[in-house]
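Chemist: Dropping in work-v6.cif, which is mmCIF, C-alpha atoms:
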data_data
#
loop_
_atom_site.group_PDB
_atom_site.id
_atom_site.type_symbol
_atom_site.label_atom_id
_atom_site.label_comp_id
_atom_site.auth_asym_id
_atom_site.auth_seq_id
_atom_site.Cartn_x
_atom_site.Cartn_y
_atom_site.Cartn_z
ATOM 1 C CA MET A 1 -139.477 186.723 -66.365
ATOM 2 C CA ARG A 2 -136.544 186.330 -63.980
ATOM 3 C CA THR A 3 -138.591 184.232 -61.564
ATOM 4 C CA LYS A 4 -139.620 181.863 -64.367
ATOM 5 C CA LEU A 5 -135.983 181.493 -65.415
ATOM 6 C CA LEU A 6 -134.938 180.922 -61.806
ATOM 7 C CA ILE A 7 -137.654 178.281 -61.336
ATOM 8 C CA LEU A 8 -136.587 176.577 -64.578
ATOM 9 C CA ILE A 9 -132.935 176.460 -63.470
ATOM 10 C CA ILE A 10 -133.812 175.131 -59.994
ATOM 11 C CA THR A 11 -136.114 172.478 -61.488
ATOM 12 C CA THR A 12 -133.439 171.377 -63.958
ATOM 13 C CA LEU A 13 -130.789 171.136 -61.232
ATOM 14 C CA THR A 14 -133.148 169.238 -58.938
ATOM 15 C CA LEU A 15 -134.092 166.711 -61.606
ATOM 16 C CA THR A 16 -130.467 166.280 -62.615
ATOM 17 C CA ALA A 17 -129.462 165.592 -59.022
ATOM 18 C CA CYS A 18 -132.125 162.896 -58.581
ATOM 19 C CA GLN A 19 -130.707 159.609 -59.843
ATOM 20 C CA GLN A 20 -131.474 156.056 -58.893
ATOM 21 C CA GLY A 21 -128.788 153.941 -57.272
ATOM 22 C CA GLN A 22 -125.853 154.932 -55.177
ATOM 23 C CA ALA A 23 -123.623 157.855 -55.904
ATOM 24 C CA GLY A 24 -120.526 156.865 -57.811
ATOM 25 C CA SER A 25 -121.853 153.423 -58.756
ATOM 26 C CA ASP A 26 -121.600 152.156 -62.296
ATOM 27 C CA SER A 27 -125.082 151.215 -63.520
ATOM 28 C CA SER A 28 -123.655 148.898 -66.199
ATOM 29 C CA VAL A 29 -122.118 146.588 -63.553
ATOM 30 C CA GLU A 30 -124.486 143.887 -62.335
ATOM 31 C CA ARG A 31 -124.839 143.765 -58.553
ATOM 32 C CA LEU A 32 -124.713 140.222 -57.216
ATOM 33 C CA PRO A 33 -125.644 138.918 -53.783
ATOM 34 C CA PRO A 34 -122.775 137.685 -51.593
ATOM 35 C CA ASN A 35 -121.772 134.036 -51.701
ATOM 36 C CA PRO A 36 -123.301 131.865 -48.992
ATOM 37 C CA VAL A 37 -121.128 131.169 -45.970
ATOM 38 C CA VAL A 38 -121.812 127.430 -46.134
ATOM 39 C CA GLU A 39 -122.860 125.547 -49.239
ATOM 40 C CA PRO A 40 -126.104 123.693 -48.575
ATOM 41 C CA ILE A 41 -125.625 119.942 -48.893
ATOM 42 C CA ASP A 42 -128.618 117.666 -48.630
ATOM 43 C CA PRO A 43 -127.700 114.744 -46.341
ATOM 44 C CA ALA A 44 -130.380 112.567 -47.955
ATOM 45 C CA THR A 45 -128.863 112.794 -51.432
ATOM 46 C CA ASN A 46 -125.184 113.176 -50.474
ATOM 47 C CA PRO A 47 -124.538 111.862 -46.934
ATOM 48 C CA ILE A 48 -120.759 111.606 -47.351
ATOM 49 C CA GLY A 49 -120.525 115.179 -48.668
ATOM 50 C CA ALA A 50 -122.678 116.419 -45.780
ATOM 51 C CA VAL A 51 -120.436 114.731 -43.196
ATOM 52 C CA LYS A 52 -117.285 116.113 -44.852
ATOM 53 C CA ALA A 53 -118.766 119.615 -44.989
ATOM 54 C CA ARG A 54 -119.743 119.435 -41.307
ATOM 55 C CA LYS A 55 -116.257 118.236 -40.308
ATOM 56 C CA GLN A 56 -114.688 121.064 -42.306
ATOM 57 C CA GLN A 57 -117.029 123.580 -40.727
ATOM 58 C CA MET A 58 -116.185 122.297 -37.235
ATOM 59 C CA ALA A 59 -112.449 122.491 -37.989
ATOM 60 C CA GLU A 60 -112.778 126.128 -39.086
ATOM 61 C CA GLN A 61 -114.547 127.211 -35.904
ATOM 62 C CA ILE A 62 -112.456 129.218 -33.487
ATOM 63 C CA ASN A 63 -112.404 128.350 -29.808
ATOM 64 C CA LEU A 64 -113.194 131.831 -28.480
ATOM 65 C CA PRO A 65 -113.653 130.776 -24.827
ATOM 66 C CA ALA A 66 -110.154 129.247 -24.821
ATOM 67 C CA MET A 67 -108.686 132.396 -26.401
ATOM 68 C CA ARG A 68 -110.483 134.559 -23.837
ATOM 69 C CA ALA A 69 -109.191 132.403 -20.984
ATOM 70 C CA GLU A 70 -105.648 132.686 -22.357
ATOM 71 C CA VAL A 71 -105.904 136.497 -22.469
ATOM 72 C CA MET A 72 -107.335 136.691 -18.961
ATOM 73 C CA ALA A 73 -104.638 134.350 -17.631
ATOM 74 C CA MET A 74 -101.903 136.488 -19.185
ATOM 75 C CA ILE A 75 -103.396 139.667 -17.683
ATOM 76 C CA GLY A 76 -103.805 138.058 -14.265
ATOM 77 C CA GLU A 77 -104.775 140.489 -11.518
ATOM 78 C CA ALA A 78 -103.295 143.510 -13.355
ATOM 79 C CA LYS A 79 -101.126 144.488 -10.391
ATOM 80 C CA ALA A 80 -99.437 147.893 -10.512
ATOM 81 C CA ASP A 81 -97.465 150.254 -8.283
ATOM 82 C CA ASP A 82 -98.890 153.418 -9.833
ATOM 83 C CA VAL A 83 -102.016 154.243 -11.859
ATOM 84 C CA GLN A 84 -99.746 155.225 -14.791
ATOM 85 C CA GLN A 85 -98.970 151.513 -15.177
ATOM 86 C CA CYS A 86 -102.672 150.773 -15.839
ATOM 87 C CA ARG A 87 -104.226 150.760 -19.321
ATOM 88 C CA VAL A 88 -107.811 150.450 -20.550
ATOM 89 C CA VAL A 89 -108.094 148.225 -23.627
ATOM 90 C CA GLY A 90 -111.068 147.364 -25.857
ATOM 91 C CA PHE A 91 -111.916 143.670 -25.583
ATOM 92 C CA GLY A 92 -114.026 141.719 -28.060
ATOM 93 C CA SER A 93 -115.874 143.127 -31.007
ATOM 94 C CA LYS A 94 -119.496 144.096 -31.493
ATOM 95 C CA PRO A 95 -121.019 143.068 -34.836
ATOM 96 C CA CYS A 96 -121.592 146.738 -35.699
ATOM 97 C CA GLY A 97 -117.979 147.530 -34.829
ATOM 98 C CA GLY A 98 -116.149 148.792 -31.811
ATOM 99 C CA PRO A 99 -115.239 146.941 -28.639
ATOM 100 C CA ALA A 100 -117.805 144.771 -26.854
ATOM 101 C CA SER A 101 -116.287 145.686 -23.486
ATOM 102 C CA TYR A 102 -113.121 146.992 -21.881
ATOM 103 C CA ILE A 103 -110.535 145.409 -19.599
ATOM 104 C CA ALA A 104 -107.760 146.819 -17.435
ATOM 105 C CA ILE A 105 -104.193 145.658 -17.985
ATOM 106 C CA SER A 106 -100.958 146.512 -16.215
ATOM 107 C CA THR A 107 -97.601 147.377 -17.770
ATOM 108 C CA LYS A 108 -95.719 146.635 -14.534
ATOM 109 C CA ASP A 109 -94.397 143.226 -15.617
ATOM 110 C CA GLY A 110 -93.223 144.541 -18.994
ATOM 111 C CA ASN A 111 -95.364 142.143 -21.052
ATOM 112 C CA GLU A 112 -97.662 144.829 -22.465
ATOM 113 C CA ASN A 113 -96.729 144.053 -26.096
ATOM 114 C CA SER A 114 -97.483 140.337 -25.788
ATOM 115 C CA ILE A 115 -100.783 141.056 -24.000
ATOM 116 C CA MET A 116 -101.778 143.595 -26.660
ATOM 117 C CA ALA A 117 -100.893 141.139 -29.446
ATOM 118 C CA LEU A 118 -103.018 138.435 -27.835
ATOM 119 C CA ILE A 119 -105.923 140.855 -27.332
ATOM 120 C CA SER A 120 -105.660 141.929 -30.990
ATOM 121 C CA GLN A 121 -105.808 138.276 -32.089
ATOM 122 C CA TYR A 122 -108.837 137.686 -29.872
ATOM 123 C CA ASN A 123 -110.606 140.826 -31.152
ATOM 124 C CA ALA A 124 -109.945 139.804 -34.767
ATOM 125 C CA ALA A 125 -111.230 136.262 -34.082
ATOM 126 C CA VAL A 126 -114.429 137.611 -32.502
ATOM 127 C CA LYS A 127 -114.967 139.962 -35.452
ATOM 128 C CA SER A 128 -114.396 137.101 -37.885
ATOM 129 C CA GLU A 129 -116.844 134.886 -36.017
ATOM 130 C CA ASN A 130 -119.442 137.687 -35.934
ATOM 131 C CA ASP A 131 -119.072 138.111 -39.701
ATOM 132 C CA ARG A 132 -119.155 134.349 -40.350
ATOM 133 C CA LEU A 133 -122.356 133.907 -38.358
ATOM 134 C CA GLY A 134 -123.952 137.110 -39.647
ATOM 135 C CA LEU A 135 -124.598 138.368 -36.115
ATOM 136 C CA MET A 136 -126.208 141.717 -35.384
ATOM 137 C CA SER A 137 -126.142 143.892 -32.284
ATOM 138 C CA ASP A 138 -127.734 146.997 -30.864
ATOM 139 C CA CYS A 139 -124.862 149.115 -32.291
ATOM 140 C CA ALA A 140 -124.691 151.068 -29.033
ATOM 141 C CA VAL A 141 -121.316 152.580 -28.289
ATOM 142 C CA VAL A 142 -119.797 151.116 -25.143
ATOM 143 C CA PRO A 143 -118.363 154.056 -23.191
ATOM 144 C CA LYS A 144 -114.682 153.745 -22.354
ATOM 145 C CA PRO A 145 -114.282 153.568 -18.576
ATOM 146 C CA ALA A 146 -111.522 155.132 -16.537
ATOM 147 C CA VAL A 147 -108.998 153.108 -14.583
ATOM 148 C CA THR A 148 -108.056 153.511 -10.931
ATOM 149 C CA LEU A 149 -105.619 151.745 -8.655
ATOM 150 C CA GLU A 150 -107.207 149.963 -5.690
ATOM 151 C CA ASN A 151 -105.000 147.951 -3.340
ATOM 152 C CA GLY A 152 -102.314 147.656 -6.018
ATOM 153 C CA VAL A 153 -104.703 146.358 -8.704
ATOM 154 C CA CYS A 154 -105.908 148.204 -11.819
ATOM 155 C CA VAL A 155 -109.707 148.484 -11.657
ATOM 156 C CA LEU A 156 -112.144 149.919 -14.212
ATOM 157 C CA THR A 157 -114.570 152.596 -13.054
ATOM 158 C CA SER A 158 -117.640 153.555 -15.047
ATOM 159 C CA ALA A 159 -118.596 157.099 -15.993
ATOM 160 C CA THR A 160 -121.404 157.031 -13.426
ATOM 161 C CA ASP A 161 -118.907 156.165 -10.668
ATOM 162 C CA ARG A 162 -116.866 159.284 -11.527
ATOM 163 C CA ALA A 163 -119.827 161.662 -11.694
ATOM 164 C CA THR A 164 -119.957 164.270 -8.953
ATOM 165 C CA PHE A 165 -122.992 166.387 -8.303
#
Can I see the file as structure tokens?

Modeler:
Amino acid sequence: MRTKLLILIITTLTLTACQQGQAGSDSSVERLPPNPVVEPIDPATNPIGAVKARKQQMAEQINLPAMRAEVMAMIGEAKADDVQQCRVVGFGSKPCGGPASYIAISTKDGNENSIMALISQYNAAVKSENDRLGLMSDCAVVPKPAVTLENGVCVLTSATDRATF
């Protein structure tokens, strides 16, 4: 008798726990697809609208290579007197999240805040562009390298370079 009651309770709990949809979602709210990034305009029926839309789209595009060049120019050679003046910073953004790569910067010249602000702007622009284009990636985590000082310059070293057997 107890086993039948136990089976009945377990079955009831199992069936109660099985619900369609996501947990915490309101089933009365209609789920809509996201709005398209660019409204489709047929150039054959509306050539002026198509040209205007293309010009607007071109104006909204971010010049990522120019931003990258500006960051790299500000970092320069990342010269330092001591390894404590070297920093490892995430650079870029993968579509799944996280940095696309890492770069070494130096705090020797005292412009760390301006470099970090510029890198943050670049990372945000890359993320925005990834979202706008709907890009995807392998979602692999890029391991954070260590930094060493070689001939007065901050240099990244990979995890395999540090391994000792």

Chemist: Taking the file as shown, what set of residues would the PyMOL selection byres ((chain A and resi 149-152) around 8) give back, as a ChimeraX atom specification?

Modeler: /A:79-83,86,147-148,153-155

Chemist: Do you have the atom CA of Gly90 of chain A-atom CA of Met72 of chain A distance handy?

Modeler: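 According to the coordinates, atom CA of Gly90 of chain A and atom CA of Met72 of chain A are separated by 13.2 Å.
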
Chemist: Using the chain letters and numbers from the file, give me the residues hit by the PyMOL selection byres ((chain A and resi 130) around 12), as an MDAnalysis selection string.

Modeler: chainID A and resid 61:62 64 92:97 100 123:129 131:137

Chemist: Those residues you just picked out, can you put them in a file as a compact mmCIF listing (two decimals), in the frame of the given file with C-alpha atoms?

Modeler:
# COMPACT_ATOMS: atom_id res chain seq x y z
CA GLN A 61 -114.55 127.21 -35.90
CA ILE A 62 -112.46 129.22 -33.49
CA LEU A 64 -113.19 131.83 -28.48
CA GLY A 92 -114.03 141.72 -28.06
CA SER A 93 -115.87 143.13 -31.01
CA LYS A 94 -119.50 144.10 -31.49
CA PRO A 95 -121.02 143.07 -34.84
CA CYS A 96 -121.59 146.74 -35.70
CA GLY A 97 -117.98 147.53 -34.83
CA ALA A 100 -117.80 144.77 -26.85
CA ASN A 123 -110.61 140.83 -31.15
CA ALA A 124 -109.94 139.80 -34.77
CA ALA A 125 -111.23 136.26 -34.08
CA VAL A 126 -114.43 137.61 -32.50
CA LYS A 127 -114.97 139.96 -35.45
CA SER A 128 -114.40 137.10 -37.88
CA GLU A 129 -116.84 134.89 -36.02
CA ASP A 131 -119.07 138.11 -39.70
CA ARG A 132 -119.16 134.35 -40.35
CA LEU A 133 -122.36 133.91 -38.36
CA GLY A 134 -123.95 137.11 -39.65
CA LEU A 135 -124.60 138.37 -36.12
CA MET A 136 -126.21 141.72 -35.38
CA SER A 137 -126.14 143.89 -32.28

Chemist: Kindly give the distance, in Å, that separates atom CA of Gly110 of chain A and atom CA of Glu77 of chain A, rounded to a single decimal.

Modeler: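 Atom CA of Gly110 of chain A sits 14.3 Å away from atom CA of Glu77 of chain A.
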
Chemist: What does the structure give for the distance between atom CA of Arg68 of chain A and atom CA of Tyr122 of chain A, in Å to one decimal?

Modeler: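 Interatomic distance here is 7.0 Å.
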
Chemist: Fewer than 3 positions away in the same chain doesn't count, so skip those; otherwise give me all residues within 12 Å of Glu112 of chain A, counting all atoms listed in the file, as a count of residues only.

Modeler: 20
